[in-house]
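Structure file input_25.cif (mmCIF, C-alpha atoms) follows.
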data_query
loop_
_atom_site.group_PDB
_atom_site.id
_atom_site.type_symbol
_atom_site.label_atom_id
_atom_site.label_comp_id
_atom_site.auth_asym_id
_atom_site.auth_seq_id
_atom_site.Cartn_x
_atom_site.Cartn_y
_atom_site.Cartn_z
ATOM 1 C CA MET T 1 15.957 1.690 -33.845
ATOM 2 C CA ASN T 2 15.852 -1.761 -32.284
ATOM 3 C CA PRO T 3 18.872 -2.355 -30.056
ATOM 4 C CA ASN T 4 17.884 -6.002 -29.727
ATOM 5 C CA SER T 5 18.051 -6.935 -33.379
ATOM 6 C CA GLN T 6 20.466 -9.679 -34.245
ATOM 7 C CA ASN T 7 24.137 -8.761 -34.690
ATOM 8 C CA GLN T 8 23.843 -5.413 -32.918
ATOM 9 C CA ARG T 9 25.930 -4.759 -29.868
ATOM 10 C CA TRP T 10 25.224 -1.744 -27.659
ATOM 11 C CA SER T 11 27.442 -0.594 -24.842
ATOM 12 C CA LEU T 12 27.613 2.159 -22.261
ATOM 13 C CA TRP T 13 31.003 3.696 -21.629
ATOM 14 C CA THR T 14 31.521 5.810 -18.536
ATOM 15 C CA ILE T 15 34.655 7.904 -18.477
ATOM 16 C CA ARG T 16 35.446 9.768 -15.271
ATOM 17 C CA VAL T 17 37.958 12.576 -15.626
ATOM 18 C CA THR T 18 39.589 14.395 -12.715
ATOM 19 C CA PRO T 19 41.645 17.209 -14.264
ATOM 20 C CA ALA T 20 45.075 18.037 -12.902
ATOM 21 C CA HIS T 21 44.490 21.684 -13.803
ATOM 22 C CA SER T 22 41.254 23.515 -14.519
ATOM 23 C CA ILE T 23 42.390 25.334 -17.602
ATOM 24 C CA ARG T 24 39.409 24.676 -19.837
ATOM 25 C CA SER T 25 35.914 26.105 -19.767
ATOM 26 C CA ASP T 26 33.043 23.656 -19.488
ATOM 27 C CA GLU T 27 31.904 24.569 -22.991
ATOM 28 C CA GLU T 28 35.353 23.942 -24.457
ATOM 29 C CA PHE T 29 35.580 20.666 -22.587
ATOM 30 C CA ALA T 30 32.233 19.478 -23.913
ATOM 31 C CA ALA T 31 32.970 20.547 -27.496
ATOM 32 C CA ASN T 32 36.427 18.976 -27.601
ATOM 33 C CA THR T 33 35.211 15.805 -25.926
ATOM 34 C CA ALA T 34 32.314 15.496 -28.358
ATOM 35 C CA ARG T 35 34.680 15.794 -31.310
ATOM 36 C CA PHE T 36 37.028 13.212 -29.856
ATOM 37 C CA MET T 37 34.283 10.752 -28.967
ATOM 38 C CA ARG T 38 32.758 11.092 -32.422
ATOM 39 C CA LYS T 39 36.088 10.067 -33.922
ATOM 40 C CA ALA T 40 36.534 7.253 -31.404
ATOM 41 C CA PHE T 41 33.066 5.772 -31.515
ATOM 42 C CA GLY T 42 31.545 6.925 -34.785
ATOM 43 C CA SER T 43 28.187 8.471 -35.410
ATOM 44 C CA THR T 44 25.914 5.801 -33.903
ATOM 45 C CA THR T 45 26.477 7.304 -30.536
ATOM 46 C CA GLU T 46 24.945 9.538 -27.900
ATOM 47 C CA MET T 47 26.972 11.339 -25.274
ATOM 48 C CA ARG T 48 26.199 13.059 -22.001
ATOM 49 C CA VAL T 49 28.579 15.103 -19.885
ATOM 50 C CA GLU T 50 28.066 15.917 -16.221
ATOM 51 C CA LYS T 51 30.285 18.032 -14.023
ATOM 52 C CA ASN T 52 30.570 17.189 -10.350
ATOM 53 C CA PHE T 53 32.934 18.051 -7.564
ATOM 54 C CA SER T 54 34.992 15.652 -5.499
ATOM 55 C CA GLY T 55 36.940 15.971 -2.282
ATOM 56 C CA SER T 56 39.923 14.003 -3.492
ATOM 57 C CA ARG T 57 43.563 15.095 -3.193
ATOM 58 C CA GLY T 58 42.827 17.061 -0.041
ATOM 59 C CA ARG T 59 40.904 19.718 -1.913
ATOM 60 C CA ILE T 60 37.757 20.210 -3.900
ATOM 61 C CA THR T 61 38.351 19.155 -7.477
ATOM 62 C CA GLU T 62 36.242 19.091 -10.605
ATOM 63 C CA VAL T 63 35.162 15.729 -11.930
ATOM 64 C CA PHE T 64 33.717 15.312 -15.382
ATOM 65 C CA ILE T 65 31.620 12.222 -15.990
ATOM 66 C CA ILE T 66 31.145 11.369 -19.643
ATOM 67 C CA GLN T 67 28.644 8.711 -20.631
ATOM 68 C CA VAL T 68 28.645 7.386 -24.176
ATOM 69 C CA ARG T 69 26.091 4.912 -25.457
ATOM 70 C CA THR T 70 27.217 3.430 -28.718
ATOM 71 C CA GLU T 71 26.635 0.586 -31.123
ATOM 72 C CA GLY T 72 29.108 -1.820 -32.626
ATOM 73 C CA HIS T 73 31.948 -1.797 -30.120
ATOM 74 C CA PRO T 74 32.932 -5.023 -28.322
ATOM 75 C CA ALA T 75 32.765 -3.682 -24.792
ATOM 76 C CA HIS T 76 32.996 -7.228 -23.451
ATOM 77 C CA ASP T 77 36.579 -7.505 -24.751
ATOM 78 C CA PRO T 78 39.000 -6.267 -22.057
ATOM 79 C CA ALA T 79 41.797 -5.705 -24.587
ATOM 80 C CA TYR T 80 39.557 -3.508 -26.724
ATOM 81 C CA VAL T 81 38.428 -1.510 -23.696
ATOM 82 C CA SER T 82 42.032 -1.150 -22.587
ATOM 83 C CA VAL T 83 43.061 0.399 -25.908
ATOM 84 C CA PHE T 84 40.244 2.911 -25.645
ATOM 85 C CA ALA T 85 41.080 3.644 -22.009
ATOM 86 C CA LYS T 86 44.668 4.469 -22.985
ATOM 87 C CA SER T 87 43.535 6.797 -25.764
ATOM 88 C CA PHE T 88 41.173 8.577 -23.365
ATOM 89 C CA LEU T 89 44.001 9.006 -20.865
ATOM 90 C CA ASN T 90 46.259 10.460 -23.547
ATOM 91 C CA PHE T 91 43.567 12.837 -24.793
ATOM 92 C CA PHE T 92 42.624 14.203 -21.388
ATOM 93 C CA THR T 93 46.237 14.404 -20.216
ATOM 94 C CA VAL T 94 47.007 16.607 -23.212
ATOM 95 C CA GLY T 95 44.046 18.784 -22.310
ATOM 96 C CA PHE T 96 44.431 18.970 -18.541
ATOM 97 C CA GLY T 97 48.083 18.212 -17.880
ATOM 98 C CA VAL T 98 50.092 15.383 -16.377
ATOM 99 C CA GLY T 99 48.418 13.972 -13.293
ATOM 100 C CA THR T 100 44.919 13.984 -14.764
ATOM 101 C CA LEU T 101 43.017 10.937 -13.564
ATOM 102 C CA VAL T 102 40.911 9.048 -16.087
ATOM 103 C CA SER T 103 38.920 5.912 -15.409
ATOM 104 C CA THR T 104 36.993 4.053 -18.086
ATOM 105 C CA VAL T 105 34.241 1.524 -17.490
ATOM 106 C CA ALA T 106 32.469 -0.179 -20.385
ATOM 107 C CA VAL T 107 29.304 -2.223 -19.950
ATOM 108 C CA LEU T 108 27.754 -4.374 -22.645
ATOM 109 C CA GLU T 109 24.060 -3.477 -22.649
ATOM 110 C CA ALA T 110 22.779 -5.421 -25.632
ATOM 111 C CA GLY T 111 24.276 -8.125 -27.774
ATOM 112 C CA SER T 112 26.388 -11.180 -27.357
ATOM 113 C CA ALA T 113 29.294 -11.303 -24.930
ATOM 114 C CA GLN T 114 30.575 -14.273 -26.945
ATOM 115 C CA ASP T 115 30.883 -16.360 -23.798
ATOM 116 C CA GLY T 116 28.099 -18.828 -24.455
ATOM 117 C CA THR T 117 25.503 -16.953 -22.432
ATOM 118 C CA PRO T 118 22.341 -15.520 -24.004
ATOM 119 C CA SER T 119 22.680 -12.056 -25.467
ATOM 120 C CA ALA T 120 21.866 -9.134 -23.226
ATOM 121 C CA GLN T 121 18.915 -7.025 -24.315
ATOM 122 C CA LEU T 122 18.318 -3.308 -23.927
ATOM 123 C CA VAL T 123 15.214 -1.235 -23.291
ATOM 124 C CA MET T 124 15.312 2.555 -23.238
ATOM 125 C CA LEU T 125 12.434 4.324 -21.540
ATOM 126 C CA PRO T 126 10.900 7.622 -22.558
ATOM 127 C CA GLY T 127 10.212 10.338 -20.023
ATOM 128 C CA VAL T 128 6.571 10.776 -19.081
ATOM 129 C CA ASN T 129 5.007 14.151 -18.406
ATOM 130 C CA ILE T 130 1.748 13.838 -16.563
ATOM 131 C CA MET Z 1 -2.586 2.951 -25.274
ATOM 132 C CA ALA Z 2 -0.377 5.613 -23.657
ATOM 133 C CA ASN Z 3 2.072 6.158 -20.865
ATOM 134 C CA LEU Z 4 0.269 7.285 -17.741
ATOM 135 C CA LEU Z 5 -0.028 7.195 -13.996
ATOM 136 C CA TYR Z 6 -2.765 4.965 -12.671
ATOM 137 C CA PRO Z 7 -5.630 7.190 -11.446
ATOM 138 C CA LYS Z 8 -5.877 5.194 -8.230
ATOM 139 C CA PHE Z 9 -2.217 5.952 -7.588
ATOM 140 C CA LYS Z 10 -2.842 9.662 -8.066
ATOM 141 C CA GLN Z 11 -5.638 9.426 -5.554
ATOM 142 C CA ALA Z 12 -3.433 7.563 -3.100
ATOM 143 C CA LEU Z 13 -0.636 10.068 -3.635
ATOM 144 C CA LEU Z 14 -2.971 12.910 -2.735
ATOM 145 C CA ASN Z 15 -3.949 10.947 0.351
ATOM 146 C CA LYS Z 16 -0.243 10.827 1.305
ATOM 147 C CA THR Z 17 -0.113 7.044 1.018
ATOM 148 C CA HIS Z 18 3.202 6.883 -0.857
ATOM 149 C CA ASP Z 19 6.742 8.091 -0.383
ATOM 150 C CA LEU Z 20 8.435 7.134 -3.611
ATOM 151 C CA ASP Z 21 12.012 7.900 -2.614
ATOM 152 C CA THR Z 22 11.884 5.712 0.494
ATOM 153 C CA ASP Z 23 9.387 2.998 -0.446
ATOM 154 C CA ASP Z 24 10.402 -0.156 -2.332
ATOM 155 C CA ILE Z 25 9.481 0.685 -5.929
ATOM 156 C CA ARG Z 26 9.770 -2.111 -8.485
ATOM 157 C CA ALA Z 27 9.304 -2.490 -12.219
ATOM 158 C CA VAL Z 28 7.442 -5.340 -13.846
ATOM 159 C CA LEU Z 29 7.650 -6.461 -17.457
ATOM 160 C CA VAL Z 30 4.214 -7.431 -18.711
ATOM 161 C CA ASP Z 31 2.846 -9.415 -21.637
ATOM 162 C CA ALA Z 32 0.074 -7.405 -23.294
ATOM 163 C CA ALA Z 33 -1.631 -10.637 -24.284
ATOM 164 C CA ASP Z 34 -2.364 -11.201 -20.602
ATOM 165 C CA TYR Z 35 -3.065 -7.687 -19.399
ATOM 166 C CA THR Z 36 -5.079 -4.725 -20.596
ATOM 167 C CA TYR Z 37 -4.868 -1.385 -18.840
ATOM 168 C CA GLY Z 38 -7.866 -0.353 -16.800
ATOM 169 C CA ALA Z 39 -8.380 3.029 -15.164
ATOM 170 C CA ALA Z 40 -9.859 1.278 -12.138
ATOM 171 C CA HIS Z 41 -6.805 -0.898 -11.621
ATOM 172 C CA ASP Z 42 -5.212 -0.167 -8.300
ATOM 173 C CA PHE Z 43 -3.021 -3.030 -7.128
ATOM 174 C CA LEU Z 44 -0.532 -5.493 -8.552
ATOM 175 C CA ASP Z 45 -3.031 -8.327 -8.453
ATOM 176 C CA ASP Z 46 -4.846 -6.603 -11.326
ATOM 177 C CA ILE Z 47 -1.985 -7.866 -13.478
ATOM 178 C CA ALA Z 48 -2.391 -11.627 -13.587
ATOM 179 C CA ALA Z 49 0.665 -13.448 -12.292
ATOM 180 C CA GLY Z 50 0.984 -15.196 -15.642
ATOM 181 C CA GLY Z 51 1.295 -11.851 -17.393
ATOM 182 C CA ARG Z 52 4.226 -10.725 -15.272
ATOM 183 C CA VAL Z 53 7.197 -11.850 -17.304
ATOM 184 C CA ALA Z 54 9.839 -10.317 -15.037
ATOM 185 C CA VAL Z 55 9.868 -8.327 -11.816
ATOM 186 C CA SER Z 56 12.813 -6.235 -10.695
ATOM 187 C CA THR Z 57 14.283 -5.944 -7.268
ATOM 188 C CA ALA Z 58 13.857 -2.599 -5.528
ATOM 189 C CA LEU Z 59 14.916 0.201 -7.864
ATOM 190 C CA THR Z 60 18.004 1.924 -6.528
ATOM 191 C CA SER Z 61 18.804 5.595 -6.016
ATOM 192 C CA PRO Z 62 15.224 6.850 -6.088
ATOM 193 C CA THR Z 63 14.962 10.632 -6.097
ATOM 194 C CA ILE Z 64 12.222 13.221 -6.228
ATOM 195 C CA VAL Z 65 13.354 16.614 -7.513
ATOM 196 C CA ASP Z 66 10.953 19.331 -8.621
ATOM 197 C CA GLY Z 67 8.182 16.805 -9.145
ATOM 198 C CA VAL Z 68 10.323 14.377 -11.135
ATOM 199 C CA PHE Z 69 10.654 10.788 -9.982
ATOM 200 C CA ASP Z 70 13.912 9.147 -11.044
ATOM 201 C CA THR Z 71 15.900 6.032 -10.237
ATOM 202 C CA ALA Z 72 19.091 4.412 -11.414
ATOM 203 C CA ASP Z 73 19.050 2.163 -14.461
ATOM 204 C CA PHE Z 74 18.293 -1.463 -13.639
ATOM 205 C CA SER Z 75 18.177 -4.978 -15.087
ATOM 206 C CA TRP Z 76 15.852 -7.907 -15.129
ATOM 207 C CA ALA Z 77 18.108 -10.933 -14.793
ATOM 208 C CA THR Z 78 17.960 -14.083 -16.931
ATOM 209 C CA VAL Z 79 14.494 -13.439 -18.280
ATOM 210 C CA THR Z 80 12.445 -16.074 -20.035
ATOM 211 C CA GLY Z 81 8.812 -15.980 -21.104
ATOM 212 C CA ASP Z 82 6.476 -14.417 -23.602
ATOM 213 C CA GLN Z 83 7.056 -11.403 -25.772
ATOM 214 C CA SER Z 84 6.342 -8.348 -23.656
ATOM 215 C CA GLU Z 85 5.063 -4.908 -24.508
ATOM 216 C CA ILE Z 86 4.381 -3.156 -21.203
ATOM 217 C CA ILE Z 87 6.417 -1.878 -18.273
ATOM 218 C CA ALA Z 88 4.616 -1.042 -15.055
ATOM 219 C CA LEU Z 89 5.897 0.437 -11.828
ATOM 220 C CA TYR Z 90 4.427 -0.550 -8.504
ATOM 221 C CA ASN Z 91 5.026 0.130 -4.838
ATOM 222 C CA HIS Z 92 6.107 -3.126 -3.247
ATOM 223 C CA ASN Z 93 5.820 -2.137 0.404
ATOM 224 C CA GLY Z 94 4.129 1.265 0.540
ATOM 225 C CA ASN Z 95 1.522 1.770 3.228
ATOM 226 C CA GLY Z 96 2.561 -1.523 4.823
ATOM 227 C CA ALA Z 97 1.655 -3.603 1.790
ATOM 228 C CA ALA Z 98 2.644 -7.250 2.182
ATOM 229 C CA ALA Z 99 0.640 -8.871 -0.602
ATOM 230 C CA ASP Z 100 -0.005 -8.219 -4.272
ATOM 231 C CA ALA Z 101 -3.559 -7.185 -3.427
ATOM 232 C CA ALA Z 102 -2.139 -4.200 -1.523
ATOM 233 C CA ARG Z 103 0.825 -3.283 -3.730
ATOM 234 C CA GLN Z 104 -0.202 -0.114 -5.534
ATOM 235 C CA LEU Z 105 0.290 0.172 -9.267
ATOM 236 C CA VAL Z 106 2.040 3.443 -10.064
ATOM 237 C CA LEU Z 107 2.835 3.835 -13.743
ATOM 238 C CA PHE Z 108 1.811 2.150 -16.987
ATOM 239 C CA MET Z 109 4.088 2.422 -20.038
ATOM 240 C CA ASP Z 110 3.617 0.870 -23.451
ATOM 241 C CA THR Z 111 4.435 3.693 -25.843
ATOM 242 C CA GLY Z 112 7.682 5.106 -27.173
ATOM 243 C CA ILE Z 113 9.882 2.517 -25.491
ATOM 244 C CA THR Z 114 12.977 1.781 -27.543
ATOM 245 C CA GLY Z 115 13.612 -1.955 -27.750
ATOM 246 C CA MET Z 116 9.991 -2.976 -27.152
ATOM 247 C CA PRO Z 117 8.227 -5.254 -27.752
ATOM 248 C CA ILE Z 118 10.904 -7.542 -26.447
ATOM 249 C CA THR Z 119 11.156 -11.309 -26.626
ATOM 250 C CA PRO Z 120 13.127 -12.609 -23.650
ATOM 251 C CA ASN Z 121 15.974 -14.918 -24.607
ATOM 252 C CA GLY Z 122 17.155 -16.091 -21.198
ATOM 253 C CA GLY Z 123 19.655 -13.271 -20.844
ATOM 254 C CA ASN Z 124 19.514 -10.035 -18.894
ATOM 255 C CA ILE Z 125 17.314 -7.183 -19.990
ATOM 256 C CA ASN Z 126 19.000 -3.881 -19.201
ATOM 257 C CA VAL Z 127 16.705 -0.920 -18.764
ATOM 258 C CA THR Z 128 17.850 2.652 -19.210
ATOM 259 C CA VAL Z 129 15.701 5.170 -17.407
ATOM 260 C CA HIS Z 130 15.223 8.402 -19.337
ATOM 261 C CA ALA Z 131 17.621 11.219 -18.500
ATOM 262 C CA SER Z 132 14.639 13.217 -17.246
ATOM 263 C CA GLY Z 133 13.442 10.417 -14.972
ATOM 264 C CA TRP Z 134 10.471 8.058 -14.947
ATOM 265 C CA PHE Z 135 7.815 10.747 -14.840
ATOM 266 C CA ALA Z 136 7.226 14.365 -14.004
ATOM 267 C CA LEU Z 137 4.116 15.615 -12.249
#

Could the structure of this file be written out as structure tokens, please?
Amino acid sequence: MNPNSQNQRWSLWTIRVTPAHSIRSDEEFAANTARFMRKAFGSTTEMRVEKNFSGSRGRITEVFIIQVRTEGHPAHDPAYVSVFAKSFLNFFTVGFGVGTLVSTVAVLEAGSAQDGTPSAQLVMLPGVNI
Amino acid sequence: MANLLYPKFKQALLNKTHDLDTDDIRAVLVDAADYTYGAAHDFLDDIAAGGRVAVSTALTSPTIVDGVFDTADFSWATVTGDQSEIIALYNHNGNGAAADAARQLVLFMDTGITGMPITPNGGNINVTVHASGWFAL
């Protein structure tokens, strides 16, 4: 895989979900999210889910942070990102109830932003065990 | 070659010269046409200035957990220059270093890097650090 080949566009999407109600197990959350993201982004995608805790709303709440690295999506287009952000909000609201907070940030990592600037390039490092 | 820690860094580490989560650790993009790894290499001046295609600012969010050194992802901004094949880490200010001749080389990487070799095009080069960190001792 060469993320810097011509006409490829790689992006990193970070979706932060603060559930209104904790009614799902972590395993169910990860499985359902993986299915949804596969439909949304397609197969040229890797996903990572982290669970943290936040002190918002005057109490300790769960926060899921989903990171999706994918190819082919115009993350530099605010309208495109907005459509995805709305679909994520709908999906997680169905799962966690009204009041669920969802924020979506998309960053173009490799490829042209179509703004006249040179294309961004991406390097992914391996882990090194000494 | 391979991905490895510089032996002189290991020696310095054992002599408690470095504190990787508080020192200013930087990454340099290197043209293999201008630099060949050497086990005796110890400081940044072993990499000729002409071979350093891009140098990062201080890597952010450095952590050491269970022997794993990790940082946040980073970018080299508006990079121009030769095709590059190597990424090296060095300690910019460890042990009071104020010159390249005292800035310890830490890590050499030229293998298994997705997106390398890379030919800079004047844009940013975004670097994703592995989920399991830079290296594990």

Of Z:Pro120, Z:Gly115, Z:Gly67, Z:Pro62, the one nearest to chain T when counting all atoms listed in the file is Z:Gly115

The PyMOL selection byres ((chain T and resi 123) around 7) on the file shown: which residues, as number ranges by chain?
T: 121-122, 124-125; Z: 113-116, 126-128

Keeping only C-alpha atoms, take the residues you just selected and write them out as a JSON list (two decimals), keeping the file's coordinate frame.
[["chain", "number", "residue", "atom", "x", "y", "z"],
["T", 121, "GLN", "CA", 18.92, -7.02, -24.32],
["T", 122, "LEU", "CA", 18.32, -3.31, -23.93],
["T", 124, "MET", "CA", 15.31, 2.56, -23.24],
["T", 125, "LEU", "CA", 12.43, 4.32, -21.54],
["Z", 113, "ILE", "CA", 9.88, 2.52, -25.49],
["Z", 114, "THR", "CA", 12.98, 1.78, -27.54],
["Z", 115, "GLY", "CA", 13.61, -1.96, -27.75],
["Z", 116, "MET", "CA", 9.99, -2.98, -27.15],
["Z", 126, "ASN", "CA", 19.00, -3.88, -19.20],
["Z", 127, "VAL", "CA", 16.70, -0.92, -18.76],
["Z", 128, "THR", "CA", 17.85, 2.65, -19.21]]

Within 8 Å of chain T, which residues belong to chain Z? Use only C-alpha atoms and report them as a list of chain:residue names.
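Here is what falls inside 8 Å: Z:Asn3, Z:Leu4, Z:Leu5, Z:Gly112, Z:Ile113, Z:Thr114, Z:Gly115, Z:Met116, Z:Ile118, Z:Asn121, Z:Gly122, Z:Gly123, Z:Asn124, Z:Ile125, Z:Asn126, Z:Val127, Z:Thr128, Z:Val129, Z:His130, Z:Ala131, Z:Ser132, Z:Gly133, Z:Trp134, Z:Phe135, Z:Ala136, Z:Leu137.
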
Among Z:Asp24, Z:Asp100, Z:Asp73, Z:Asp19, Z:Ala58 is approached most closely, using all atoms listed in the file, by Z:Asp24

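Comparing Z:Thr111, Z:Ser56, Z:Ser84, Z:Asn93 by their smallest distance to Z:Asp34, the closest is Z:Ser84 (using only C-alpha atoms).
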
Could you check the closest approach to Z:Leu20 for each of Z:Thr78, Z:Pro117, Z:Leu59, Z:Ala88 and tell me which residue wins, using all atoms listed in the file?
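Counting all atoms listed in the file, the residue closest to Z:Leu20 is Z:Leu59.
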
To verify the selection step, state as a list in words which residues the PyMOL selection byres ((chain T and resi 41-47) around 9) yields on this input.
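Against this file, the PyMOL selection byres ((chain T and resi 41-47) around 9) returns the residues Ala34, Phe36, Met37, Arg38, Lys39, Ala40, Arg48, Val49, Ile66, Gln67, Val68, Arg69, Thr70, Glu71, Gly72 and His73 of chain T.
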
What lies within 12 Å of Z:Ala97 using only C-alpha atoms, ignoring chain neighbours under 6 positions off, as a list of chain:residue names?
Z:Thr17, Z:His18, Z:Asp23, Z:Asp24, Z:Ile25, Z:Phe43, Z:Leu44, Z:Tyr90, Z:Asn91, Z:Arg103, Z:Gln104, Z:Leu105

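With atom CA of Z:Tyr37 on one side and atom CA of Z:Gly94 on the other, the separation reads 21.5 Å.
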
Within 6 Å of stretch 100-102 of chain T, counting only C-alpha atoms, which residues qualify if same-chain residues fewer than 4 places away don't, as a list of chain:residue names?
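So the residues in contact are T:Arg16, T:Val17, T:Thr18, T:Pro19, T:Ala20, T:Leu89, T:Thr93.
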
So what does the PyMOL selection byres ((chain Z and resi 50-52) around 10) actually pick up in this one, as a VMD selection string?
chain Z and resid 28 to 35 44 47 to 49 53 to 55 81 to 82 84 86 to 88

Rounded to one decimal, what separation in Å do you get between atom CA of Z:Asp21 and atom CA of Z:Ala72?
11.8 Å

Who sits within 10 Å of T:Ser82, only C-alpha atoms, same chain under 6 positions skipped, as a ChimeraX atom specification:
/T:75,88,104-106

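Coordinates place atom CA of Z:Thr80 at a distance of 24.7 Å from atom CA of T:Pro74.
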
Could you work out an axis-aligned bounding box for all listed atoms of stretch 96-102 of chain T, with 6 Å added on each of the six sides, and give its centre and edge lengths in Å to one decimal, as lines of an AutoDock Vina configuration file?
center_x = 45.5
center_y = 14.0
center_z = -15.9
size_x = 21.2
size_y = 21.9
size_z = 17.2

Applying 10 Å and only C-alpha atoms, which residues near T:Arg24 remain after dropping the ones on its own chain fewer than 6 positions away? List them as a list in words.
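The residues that qualify are Ala30, Gly95 and Phe96 of chain T.
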
Once you have the residues from the selection above, write them out as a PDB file, in the coordinates of the input, restricted to C-alpha atoms.
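Dumped to again-v2.pdb:
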ATOM      1  CA  ALA T  30      32.233  19.478 -23.913  1.00  0.00           C
ATOM      2  CA  GLY T  95      44.046  18.784 -22.310  1.00  0.00           C
ATOM      3  CA  PHE T  96      44.431  18.970 -18.541  1.00  0.00           C
TER       4      PHE T  96
END
